[in-house]
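Student: Handing you this structure, nothing more for now.
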Protein chains: 2
Amino acid sequence: MSKYWSKLAAGVDPYVPGEQPKDKKYIKLNTNENPYPPSPRVLEAIKTVANESLKLYPDPNGDELKRTLAEYFGLKKDRIFLGNGSDEVLAFSFMTFFDSGFPILFPDITYSFYPVYANLFKINYELIPLNDDFAIPVDQFFKPNGGIIIPNPNAPTGEYLTLEAIEEILLHNNEHVVIIDEAYIDFGGESARKLIDKYPNLLVVHTLSKSRSLAGLRVGFAMGHEDLIEGLNRVKNSFNSYTLDRLALAGAVEAIKDEAYFQVTSKKISQTRERVTQDLQIMGFKVLPSKANFIFISHPSVKAEELFLKLKEESILVRYFKKPRIDNFLRVSIGSDDEMDNFLKAICKIIA
Amino acid sequence: MSKYWSKLAAGVDPYVPGEQPKDKKYIKLNTNENPYPPSPRVLEAIKTVANESLKLYPDPNGDELKRTLAEYFGLKKDRIFLGNGSDEVLAFSFMTFFDSGFPILFPDITYSFYPVYANLFKINYELIPLNDDFAIPVDQFFKPNGGIIIPNPNAPTGEYLTLEAIEEILLHNNEHVVIIDEAYIDFGGESARKLIDKYPNLLVVHTLSKSRSLAGLRVGFAMGHEDLIEGLNRVKNSFNSYTLDRLALAGAVEAIKDEAYFQVTSKKISQTRERVTQDLQIMGFKVLPSKANFIFISHPSVKAEELFLKLKEESILVRYFKKPRIDNFLRVSIGSDDEMDNFLKAICKIIA
């Protein structure tokens, strides 16, 4: 605490990302990164623009990337907003759509950055408790509110809401913005972007960090009615004109264009997820049904914290949240088949 | 205006960056970019990390870049804050240090992003009018305030405050943070970072966009007492954990390390600036004394707006601000010698 801090700076409760230890080599199953490298076309595109052009500012509007996304998703270009990772897109969304009146709603067990944004921008919120089986209670989002944000699939549970369930929520909410955070949608879910035409208050947020293997490049985007996108641009252009550098813009274009590569790698991850789920169930684990690139697991006798620590001794990192309701669960990112085999072997040894 | 916007989004007045037209090839002297390419070592470093590692998140703390800057500037690592361009560093600084109590102070003619940030975060401000000769009236910053921000050299005038003048301001202000925005300091000025040990409320902000030829890479940083840096990190980590991608981090390290290249290119720009200044003065222009990579010029008979439009016809872009006091001036970025020769020829023809 310093006397020079604003009330805002003094009042925040910053987000803590998963650890990125440098002490030794780990099998990293703790931050939902993709085990497969980015498309070779992405790397080529980056190398191609790593030239004299870096002396010039990037396109502040990212028009080429917007055009690429628009074509890919069959949307108009002015229905797309770009950001420095979906976390930045979410931060701008909280600023643009949520006020301090009626509380916004989000699940009690969800991406832990949401309450951080709410605290930062002094936005009231109400937590909607998940059901005992960690399913999202859709009808609890019908009460009066100042906006809604739901990740689909949810994190860290992996639980997925059908498009019909999302539409139910939209049918009961037309006064404020409903954000569907689809960071993990490409691993088996159906995107709500199809509903954008019908619901002018729907914002769908995506990232290239997970299904496009580009966590290191920092590119996210939102899709929604042009009025919502204009609001986001107003706030972004009052904060930082150039949020995406030339290399990220060029790489992102190729990541979207290389559809074949994307299909192969995301399918591999879903398949590995299903196989690992079965193996863990055979070992006695409870594994929540997941449509994401991670699973949320619990063992009937060995405590999650103990598993977490012992896996770390075996140079395997998973994510453990010491929080009510989920402190006997581990979130395990889906790695390559080899990585998961090592994980299963280590787990087998620990619970034996 | 949309019913879904927050009061914040409805109330902003976004910054408008210099135009980046795509219709034809221009000599771009309008956004203070560096005419020289980045160091070849930067491009090499970027190509080297354009590999599989992009699937992993970057270091959220940017430790290697902080170490490099710390060593270069002879500072402790915890006295450095990194951001996605100095604009993002400034946005976080407004959030971290300025409240809505006493107004903050900045010059009436200055970087036009400052009032945008103030409006965004509902921070009161008072404009300090520059003297008639556009010099900054140092003693006007001695009045009670909620913080101060001054670019040194100032933009768009290029006027420079000596280290003694900066220290005068600090001696009269120890209750709130004083930000010296040194985006252009490397073209002939002396940095205030030497005063950080003495003044725990001094924050010095730099960018790699100008003197390191990396506007396209989006890297900025702040230097100050560790308490100030901690505050900035609290806010940044409540907004976006990973603001710098792996490519930008790697390129920035080499930009700082290649001191010889930096010395040569920034010296060339200062020399070109001095020569062009003389040539313009011979043609009858008023040229404000500049320590930046741009000059601020006015002609006794041909109006600035007319010059701006005619230069554009000649495929030369400069910056014209249609604002009180400076609407008969042009800000001209210093390009390469060839570019400036073309500019001088065009000017000669226009005023003939």
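Scheme for the structure tokens: letters A, B, ... for chains in order shown; per-chain residue numbers from 1; ligand numbers from 1 in order shown.
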Which residues of chain B come within 7 Å of chain A, and what is each one's closest atom pair and distance in Å (one decimal), counting only C-alpha atoms, sorted by chain and residue number, as JSON lines?

Tutor:
```
{"residue": "B:Ser2", "atom": "CA", "partner": "A:Asp227", "partner_atom": "CA", "distance": 6.1}
{"residue": "B:Tyr4", "atom": "CA", "partner": "A:His176", "partner_atom": "CA", "distance": 5.9}
{"residue": "B:Trp5", "atom": "CA", "partner": "A:Phe97", "partner_atom": "CA", "distance": 5.0}
{"residue": "B:Ser6", "atom": "CA", "partner": "A:Phe97", "partner_atom": "CA", "distance": 4.8}
{"residue": "B:Lys7", "atom": "CA", "partner": "A:Asp99", "partner_atom": "CA", "distance": 7.0}
{"residue": "B:Leu8", "atom": "CA", "partner": "A:Thr96", "partner_atom": "CA", "distance": 6.7}
{"residue": "B:Ala9", "atom": "CA", "partner": "A:Thr96", "partner_atom": "CA", "distance": 5.0}
{"residue": "B:Val12", "atom": "CA", "partner": "A:Ser238", "partner_atom": "CA", "distance": 6.8}
{"residue": "B:Asp13", "atom": "CA", "partner": "A:Ser238", "partner_atom": "CA", "distance": 6.9}
{"residue": "B:Pro14", "atom": "CA", "partner": "A:Ser238", "partner_atom": "CA", "distance": 4.4}
{"residue": "B:Tyr15", "atom": "CA", "partner": "A:Ser238", "partner_atom": "CA", "distance": 5.6}
{"residue": "B:Glu33", "atom": "CA", "partner": "A:Leu56", "partner_atom": "CA", "distance": 6.0}
{"residue": "B:Asn34", "atom": "CA", "partner": "A:Lys55", "partner_atom": "CA", "distance": 6.1}
{"residue": "B:Pro37", "atom": "CA", "partner": "A:Glu52", "partner_atom": "CA", "distance": 4.6}
{"residue": "B:Pro38", "atom": "CA", "partner": "A:Lys55", "partner_atom": "CA", "distance": 6.2}
{"residue": "B:Leu43", "atom": "CA", "partner": "A:Ala50", "partner_atom": "CA", "distance": 5.5}
{"residue": "B:Ile46", "atom": "CA", "partner": "A:Ala50", "partner_atom": "CA", "distance": 6.8}
{"residue": "B:Lys47", "atom": "CA", "partner": "A:Lys47", "partner_atom": "CA", "distance": 5.4}
{"residue": "B:Ala50", "atom": "CA", "partner": "A:Leu43", "partner_atom": "CA", "distance": 5.5}
{"residue": "B:Asn51", "atom": "CA", "partner": "A:Leu43", "partner_atom": "CA", "distance": 6.3}
{"residue": "B:Glu52", "atom": "CA", "partner": "A:Pro37", "partner_atom": "CA", "distance": 4.7}
{"residue": "B:Leu54", "atom": "CA", "partner": "A:Gly216", "partner_atom": "CA", "distance": 4.4}
{"residue": "B:Lys55", "atom": "CA", "partner": "A:Ser213", "partner_atom": "CA", "distance": 4.5}
{"residue": "B:Leu56", "atom": "CA", "partner": "A:Gly216", "partner_atom": "CA", "distance": 5.2}
{"residue": "B:Tyr57", "atom": "CA", "partner": "A:Gly216", "partner_atom": "CA", "distance": 4.4}
{"residue": "B:Pro58", "atom": "CA", "partner": "A:Gly216", "partner_atom": "CA", "distance": 5.0}
{"residue": "B:Asn84", "atom": "CA", "partner": "A:Thr243", "partner_atom": "CA", "distance": 6.8}
{"residue": "B:Asp87", "atom": "CA", "partner": "A:Asn240", "partner_atom": "CA", "distance": 5.5}
{"residue": "B:Glu88", "atom": "CA", "partner": "A:Asn240", "partner_atom": "CA", "distance": 5.6}
{"residue": "B:Ala91", "atom": "CA", "partner": "A:Phe239", "partner_atom": "CA", "distance": 5.9}
{"residue": "B:Met95", "atom": "CA", "partner": "A:Leu8", "partner_atom": "CA", "distance": 6.8}
{"residue": "B:Thr96", "atom": "CA", "partner": "A:Ala9", "partner_atom": "CA", "distance": 5.0}
{"residue": "B:Phe97", "atom": "CA", "partner": "A:Ser6", "partner_atom": "CA", "distance": 4.8}
{"residue": "B:Phe98", "atom": "CA", "partner": "A:Ser6", "partner_atom": "CA", "distance": 5.6}
{"residue": "B:Asp99", "atom": "CA", "partner": "A:Ser6", "partner_atom": "CA", "distance": 5.5}
{"residue": "B:Val116", "atom": "CA", "partner": "A:Ser238", "partner_atom": "CA", "distance": 5.8}
{"residue": "B:Tyr117", "atom": "CA", "partner": "A:Ser238", "partner_atom": "CA", "distance": 6.3}
{"residue": "B:Leu120", "atom": "CA", "partner": "A:Ser238", "partner_atom": "CA", "distance": 6.6}
{"residue": "B:His176", "atom": "CA", "partner": "A:Tyr4", "partner_atom": "CA", "distance": 5.9}
{"residue": "B:Val177", "atom": "CA", "partner": "A:Tyr4", "partner_atom": "CA", "distance": 6.4}
{"residue": "B:Ser213", "atom": "CA", "partner": "A:Lys55", "partner_atom": "CA", "distance": 4.4}
{"residue": "B:Leu214", "atom": "CA", "partner": "A:Lys55", "partner_atom": "CA", "distance": 4.6}
{"residue": "B:Ala215", "atom": "CA", "partner": "A:Tyr57", "partner_atom": "CA", "distance": 4.7}
{"residue": "B:Gly216", "atom": "CA", "partner": "A:Leu54", "partner_atom": "CA", "distance": 4.4}
{"residue": "B:Leu217", "atom": "CA", "partner": "A:Asp245", "partner_atom": "CA", "distance": 5.0}
{"residue": "B:Arg218", "atom": "CA", "partner": "A:Asp245", "partner_atom": "CA", "distance": 5.8}
{"residue": "B:Asp227", "atom": "CA", "partner": "A:Ser2", "partner_atom": "CA", "distance": 6.2}
{"residue": "B:Gly231", "atom": "CA", "partner": "A:Ala9", "partner_atom": "CA", "distance": 6.1}
{"residue": "B:Arg234", "atom": "CA", "partner": "A:Pro14", "partner_atom": "CA", "distance": 5.8}
{"residue": "B:Val235", "atom": "CA", "partner": "A:Ala9", "partner_atom": "CA", "distance": 5.8}
{"residue": "B:Asn237", "atom": "CA", "partner": "A:Pro14", "partner_atom": "CA", "distance": 5.2}
{"residue": "B:Ser238", "atom": "CA", "partner": "A:Pro14", "partner_atom": "CA", "distance": 4.4}
{"residue": "B:Phe239", "atom": "CA", "partner": "A:Ala91", "partner_atom": "CA", "distance": 5.9}
{"residue": "B:Asn240", "atom": "CA", "partner": "A:Asp87", "partner_atom": "CA", "distance": 5.5}
{"residue": "B:Thr243", "atom": "CA", "partner": "A:Asn84", "partner_atom": "CA", "distance": 6.8}
{"residue": "B:Asp245", "atom": "CA", "partner": "A:Leu217", "partner_atom": "CA", "distance": 5.0}
{"residue": "B:Arg246", "atom": "CA", "partner": "A:Gly216", "partner_atom": "CA", "distance": 5.4}
```

Student: Write out as a list in words which residues come within 8 Å of stretch 327-330 of chain B when counting only C-alpha atoms, dropping same-chain ones fewer than 6 positions away.

Tutor: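 Within the cut-off, the hits are Phe296, Ile297, Ser298, His299, Lys303, Ala304, Glu305, Phe308, Val318, Arg319, Tyr320 and Phe321 of chain B.
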
Student: Could you write out the selected residues, including C-alpha atoms, as a CSV table (one decimal), in the first residue's frame?

Tutor:
```
chain,number,residue,atom,x,y,z
B,296,PHE,CA,6.5,22.0,-35.4
B,297,ILE,CA,6.4,24.6,-38.1
B,298,SER,CA,4.5,27.6,-39.4
B,299,HIS,CA,4.8,29.7,-42.5
B,303,LYS,CA,-1.8,28.6,-44.1
B,304,ALA,CA,-0.9,25.3,-42.4
B,305,GLU,CA,-4.1,23.7,-43.5
B,308,PHE,CA,-1.1,20.1,-45.3
B,318,VAL,CA,2.2,15.4,-42.1
B,319,ARG,CA,0.0,16.1,-39.1
B,320,TYR,CA,-2.3,19.0,-38.9
B,321,PHE,CA,-4.3,19.7,-35.7
```

Student: Quick one: residues within 9 Å of B:Phe134, only C-alpha atoms, excluding same-chain residues fewer than 5 positions away - as a PyMOL selection string?

Tutor: chain B and resi 109+129+157+159+288

Student: Restricted to N, CA and C atoms, what would the selected residues look like written as a tab-separated table (two decimals), in the first residue's frame?

Tutor:
```tsv
chain	number	residue	atom	x	y	z
B	109	ILE	N	-1.54	22.51	-24.62
B	109	ILE	CA	-1.13	21.96	-25.92
B	109	ILE	C	-0.17	20.83	-25.61
B	129	PRO	N	-1.91	26.63	-19.55
B	129	PRO	CA	-1.59	27.19	-20.87
B	129	PRO	C	-0.08	27.35	-21.07
B	157	THR	N	4.88	20.13	-29.90
B	157	THR	CA	5.76	21.30	-30.08
B	157	THR	C	7.23	20.92	-30.19
B	159	GLU	N	9.18	21.07	-27.67
B	159	GLU	CA	9.86	21.87	-26.63
B	159	GLU	C	10.35	20.97	-25.50
B	288	LEU	N	9.79	25.71	-34.25
B	288	LEU	CA	10.05	25.69	-32.81
B	288	LEU	C	11.29	24.84	-32.53
```

Student: Find the residue from B:Glu274, B:Arg193, B:Asn173, B:Asp108 that sits nearest to B:Pro324; use only C-alpha atoms when measuring.

Tutor: B:Asp108

Student: Just list as a PyMOL selection string whatever in stretch 97-175 of chain A DSSP marks as strand (DSSP E or B).

Tutor: chain A and resi 104-107+125-128+148-151

Student: Just the selected residues (all heavy atoms), exported as a compact mmCIF listing (two decimals), in the first residue's frame, please.

Tutor:
```txt
# COMPACT_ATOMS: atom_id res chain seq x y z
N ILE A 104 -24.58 -7.61 -11.98
CA ILE A 104 -24.44 -8.57 -13.08
C ILE A 104 -24.41 -9.97 -12.46
O ILE A 104 -24.13 -10.14 -11.27
CB ILE A 104 -23.18 -8.31 -13.92
CG1 ILE A 104 -21.89 -8.47 -13.09
CG2 ILE A 104 -23.22 -6.93 -14.55
CD1 ILE A 104 -20.63 -8.56 -13.94
N LEU A 105 -24.70 -10.96 -13.29
CA LEU A 105 -24.77 -12.35 -12.80
C LEU A 105 -23.70 -13.21 -13.47
O LEU A 105 -23.48 -13.09 -14.68
CB LEU A 105 -26.14 -12.96 -13.13
CG LEU A 105 -27.41 -12.19 -12.75
CD1 LEU A 105 -28.65 -12.97 -13.20
CD2 LEU A 105 -27.45 -11.94 -11.24
N PHE A 106 -23.04 -14.02 -12.67
CA PHE A 106 -22.21 -15.09 -13.24
C PHE A 106 -22.14 -16.25 -12.23
O PHE A 106 -22.45 -16.05 -11.05
CB PHE A 106 -20.84 -14.60 -13.70
CG PHE A 106 -20.03 -13.81 -12.72
CD1 PHE A 106 -19.24 -14.43 -11.76
CD2 PHE A 106 -20.02 -12.42 -12.79
CE1 PHE A 106 -18.47 -13.68 -10.89
CE2 PHE A 106 -19.25 -11.66 -11.90
CZ PHE A 106 -18.47 -12.30 -10.95
N PRO A 107 -21.75 -17.43 -12.69
CA PRO A 107 -21.76 -18.59 -11.80
C PRO A 107 -20.77 -18.44 -10.63
O PRO A 107 -19.77 -17.73 -10.75
CB PRO A 107 -21.31 -19.75 -12.71
CG PRO A 107 -21.55 -19.29 -14.11
CD PRO A 107 -21.35 -17.81 -14.08
N TYR A 125 -22.01 -7.47 -8.42
CA TYR A 125 -22.31 -8.76 -9.04
C TYR A 125 -22.96 -9.70 -8.05
O TYR A 125 -22.82 -9.55 -6.84
CB TYR A 125 -21.06 -9.39 -9.66
CG TYR A 125 -19.95 -9.72 -8.69
CD1 TYR A 125 -19.87 -10.98 -8.08
CD2 TYR A 125 -18.95 -8.79 -8.40
CE1 TYR A 125 -18.82 -11.30 -7.22
CE2 TYR A 125 -17.92 -9.10 -7.54
CZ TYR A 125 -17.85 -10.34 -6.94
OH TYR A 125 -16.83 -10.65 -6.08
N GLU A 126 -23.70 -10.66 -8.63
CA GLU A 126 -24.31 -11.68 -7.80
C GLU A 126 -23.88 -13.03 -8.36
O GLU A 126 -23.98 -13.27 -9.57
CB GLU A 126 -25.85 -11.54 -7.86
CG GLU A 126 -26.55 -12.56 -6.98
CD GLU A 126 -28.08 -12.47 -7.09
OE1 GLU A 126 -28.61 -11.38 -7.42
OE2 GLU A 126 -28.73 -13.51 -6.86
N LEU A 127 -23.41 -13.89 -7.47
CA LEU A 127 -22.97 -15.21 -7.91
C LEU A 127 -24.16 -16.15 -7.98
O LEU A 127 -24.95 -16.22 -7.03
CB LEU A 127 -21.93 -15.77 -6.93
CG LEU A 127 -20.65 -14.94 -6.77
CD1 LEU A 127 -19.75 -15.56 -5.70
CD2 LEU A 127 -19.91 -14.83 -8.09
N ILE A 128 -24.30 -16.86 -9.07
CA ILE A 128 -25.36 -17.87 -9.21
C ILE A 128 -24.74 -19.23 -8.90
O ILE A 128 -23.87 -19.70 -9.65
CB ILE A 128 -25.93 -17.86 -10.65
CG1 ILE A 128 -26.47 -16.47 -11.02
CG2 ILE A 128 -26.99 -18.94 -10.80
CD1 ILE A 128 -27.64 -15.99 -10.18
N ILE A 148 -25.06 -10.25 -17.87
CA ILE A 148 -24.74 -11.65 -17.57
C ILE A 148 -23.44 -12.01 -18.27
O ILE A 148 -23.20 -11.57 -19.40
CB ILE A 148 -25.88 -12.58 -18.06
CG1 ILE A 148 -27.12 -12.42 -17.16
CG2 ILE A 148 -25.44 -14.04 -18.14
CD1 ILE A 148 -28.36 -13.13 -17.67
N ILE A 149 -22.61 -12.78 -17.60
CA ILE A 149 -21.46 -13.37 -18.30
C ILE A 149 -21.33 -14.83 -17.89
O ILE A 149 -21.34 -15.16 -16.69
CB ILE A 149 -20.15 -12.57 -18.09
CG1 ILE A 149 -19.00 -13.25 -18.85
CG2 ILE A 149 -19.81 -12.37 -16.61
CD1 ILE A 149 -17.80 -12.36 -19.07
N ILE A 150 -21.26 -15.68 -18.90
CA ILE A 150 -21.17 -17.13 -18.67
C ILE A 150 -20.14 -17.69 -19.65
O ILE A 150 -20.21 -17.41 -20.84
CB ILE A 150 -22.53 -17.83 -18.95
CG1 ILE A 150 -23.61 -17.31 -17.99
CG2 ILE A 150 -22.38 -19.35 -18.84
CD1 ILE A 150 -25.00 -17.90 -18.27
N PRO A 151 -19.21 -18.47 -19.16
CA PRO A 151 -18.29 -19.15 -20.08
C PRO A 151 -18.97 -20.44 -20.55
O PRO A 151 -19.61 -21.14 -19.75
CB PRO A 151 -17.08 -19.52 -19.23
CG PRO A 151 -17.41 -19.10 -17.82
CD PRO A 151 -18.86 -18.78 -17.75
```

Student: Just the residues within 8 Å of stretch 265-272 of chain B, please, counting only C-alpha atoms, with nothing from its chain fewer than 4 positions along; format it as an MDAnalysis selection string.

Tutor: chainID B and resid 36 186:188 211 261 276 291:293 334:337
